[in-house]
Amino acid sequence: MVSPWIILFVIWLSVGVKSLEIASINHPCAYAHTVNITDGLRLKDGSYTYAGVVIPPHLMAEYSFKVIDGVEYRAKKHLRGCVCLLKPCISFCCPENLVFDAKHWNCTKPHQVRESTHVELTYANRSVKQVRIRDRFVVRTELGCRNKFVDKKHENFWQWDLFENGTLQRDDRLWSTDEYCFSPLEHKPEQWELTPLNCERFQTGYRVWIYAICSIIAIIINIFILSLLGSVRDARKSHYGQLIIYYLLSMIVGYSLLVYLALKNPMKISHVACRNIGFLAYFCIMLSFVFLAICCLDFLLKFKQKSVKNSVRQLCIALAVLAVIGLRFLVSFAQDSKLPKHFKPGMGEDYCWFDVRTWGILIYYYGPIALLLIFSIVCCLKAYFSIYELPPDTQYILGTQLKIVKTHFYAFSAYIVGVFAVWIREIVVYIMARVREHFFIIDFWSGICILGLAIAGFILLLGKNLHVKSWWAINVESSQTDLSIINARVYKFDEKGDLKSSDSPYKPTVTSL
């Protein structure tokens, strides 16, 4: 138990040191209000001029990072000035004499030079006037975002309002100067218009489809496992079966929401819906890991022969659910707080799910999952050694009932090992990507791993469940085989799946199938 805590502490400490390094540098303004003035004209008093604006020394600083899509990345040290505090700024997607090519997603030179010198400006009284861009704004091309949202087919794409301070209004939302960029686009044949392109945080391509298809197949498999476990009375009534049903139900809902978010463009979801769906998925997935941990603890108590009343069990489950609800609101509070962006989960901002470009997903998602899985593994190990500590007479008296619980335990332990391996892989991949600053918002290998776990669940949680196997033998195999030649011993399981005490009158019954 010591080494995992040390690893998590070192990771947390490294994140904190990195943030302190960034925060310790005295920057006169936010990065979004700055312009690279390294090549600007330096005056005798130490000031710089850029686009006709004189920048005094106290509004300049050296930056060792750059900001893309609202996230900091390492960069060579360079001089930046707070030009946008002195004069409003707007961003262009491409340098002068180039236009944004929506087909190839790059800047290209048009067949005919498209000069964009004027833009419609909306004033506070809602009046609109054509103004010369460079008279009212400082033009920059280094900001904006990597992915631009282009939807020329819909008329509302061409409807927007640019205000005096450089903010843009479109689709009832205000966009800051680093969340859009201007480029001439062909509205109608041979009719070009200067149009703002909003930042798009939506990933498409083969990675998304592999992830979605694998996840959907996994969800279907888990629904089948859930329906079969729920239809078998003995499996449904046992403590082991109940916890597996709760786990599967939570996981199915959580992953269904994640697949929906992976396929749905967040720009087409309202901010409230985007945020709520993300937090609901978070709640369900975290709840599924809590049920796995409770199941491991339940096995440990069984092999320790510590009886627990049903009322106490239900109370513990209820408290666990309340704890996950509290964690969900804690994450929501962190999102709405004034914490640095690197320590926020990012739900409802650029993405509806966690922003993998920040450390928030490690703190609020991978961290709790790792702790729950470590707890589960420890409980399984202790339960395994407890089996061999049972007195011989107890093992003899418990007989078949002990064999049933042991079979379920071994199958479940194998499944837990698989879950642990998959999620350790997820954490390692995330940390490596975060250190390299090379992010995949959707990792298709995650979908393949989710499918692998579903197949493992089908084999271990369903195929190795003796209650289900007995039900299958009685209701399916017996209907396909001559009953006169089959005689099988079917044990009457204890309804709750508990190990009986040594003085319990347990009598196996032989029933003809």
# chains A, B, ... in the order shown; residues from 1 in each chain; ligands from 1
$ select_by_dssp --residues "region 91-166 of chain A" --states "strand (DSSP E)" --output "PyMOL selection string"
chain A and resi 91+99-101+106-108+118-122+128-132+138-140+148-149+161-162
$ residues_around --residues "region 96-102 of chain A" --least-positions-apart "3" --cutoff "12 Å" --atoms "only C-alpha atoms" --output "JSON, numbers by chain"
{"A": [91, 92, 93, 105, 106, 107, 108, 109, 110, 111, 112, 113, 114, 115, 116, 117, 139, 140, 141, 146, 147, 148, 149, 150, 151, 152, 181, 182, 183, 184, 185, 186, 192, 193, 194, 195, 196, 197]}
$ closest_residue --among "A:Ile363, A:Leu162, A:Val422, A:Leu258" --to "Glu120 (chain A)" --atoms "only C-alpha atoms"
A:Leu162
$ residues_around --residues "Leu86 (chain A)" --least-positions-apart "2" --cutoff "9 Å" --atoms "only C-alpha atoms" --output "PyMOL selection string"
chain A and resi 53-55+82-84+88
$ select_by_dssp --residues "region 118-307 of chain A" --states "alpha helix (DSSP H)" --output "VMD selection string"
chain A and resid 133 to 136 206 to 231 233 to 237 239 to 263 271 to 303
$ closest_residue --among "A:Gln242, A:Ser64, A:Thr407, A:Gln169" --to "Leu292 (chain A)" --atoms "only C-alpha atoms"
A:Gln242
$ atom_distance --atom1 "CA of Ile216 (chain A)" --atom2 "CA of Leu451 (chain A)"
8.5 Å
$ residues_around --residues "Leu243 (chain A)" --least-positions-apart "3" --cutoff "8 Å" --atoms "only C-alpha atoms" --output "PyMOL selection string"
chain A and resi 239-240+246-247+291-292+294-295
$ write_last_selection --atoms "C-alpha atoms" --output "PDB file, in the first residue's frame"
ATOM      1  CA  HIS A 239     -24.781 -10.648  -2.925  1.00  0.00           C
ATOM      2  CA  TYR A 240     -22.204 -11.344  -5.616  1.00  0.00           C
ATOM      3  CA  TYR A 246     -25.080  -2.772 -10.136  1.00  0.00           C
ATOM      4  CA  TYR A 247     -21.593  -2.603 -11.645  1.00  0.00           C
ATOM      5  CA  PHE A 291     -19.221  -1.515  -6.764  1.00  0.00           C
ATOM      6  CA  LEU A 292     -16.177  -3.541  -7.842  1.00  0.00           C
ATOM      7  CA  ILE A 294     -17.392  -3.413  -2.501  1.00  0.00           C
ATOM      8  CA  CYS A 295     -17.579  -6.815  -4.191  1.00  0.00           C
TER       9      CYS A 295
END
$ residues_around --residues "Phe333 (chain A)" --least-positions-apart "2" --cutoff "12 Å" --atoms "only C-alpha atoms" --output "list in words"
Phe279, Gly326, Leu327, Arg328, Phe329, Leu330, Val331, Gln335, Asp336, Ser337, Lys338, Leu339, Phe343, Lys344, Pro345, Gly346, Met347 and Tyr364 of chain A
$ closest_residue --among "A:Ser215, A:Gln159, A:Ser288, A:Ser250" --to "Ile448 (chain A)" --atoms "only C-alpha atoms"
A:Ser215
$ closest_residue --among "A:Thr34, A:Thr167, A:Thr358, A:Thr122" --to "Lys66 (chain A)" --atoms "only C-alpha atoms"
A:Thr34
$ residues_around --residues "Gly166 (chain A)" --least-positions-apart "2" --cutoff "6 Å" --atoms "only C-alpha atoms" --output "list in words"
Pro88, Cys89, Ile90, Phe163, Glu164 and Thr177 of chain A
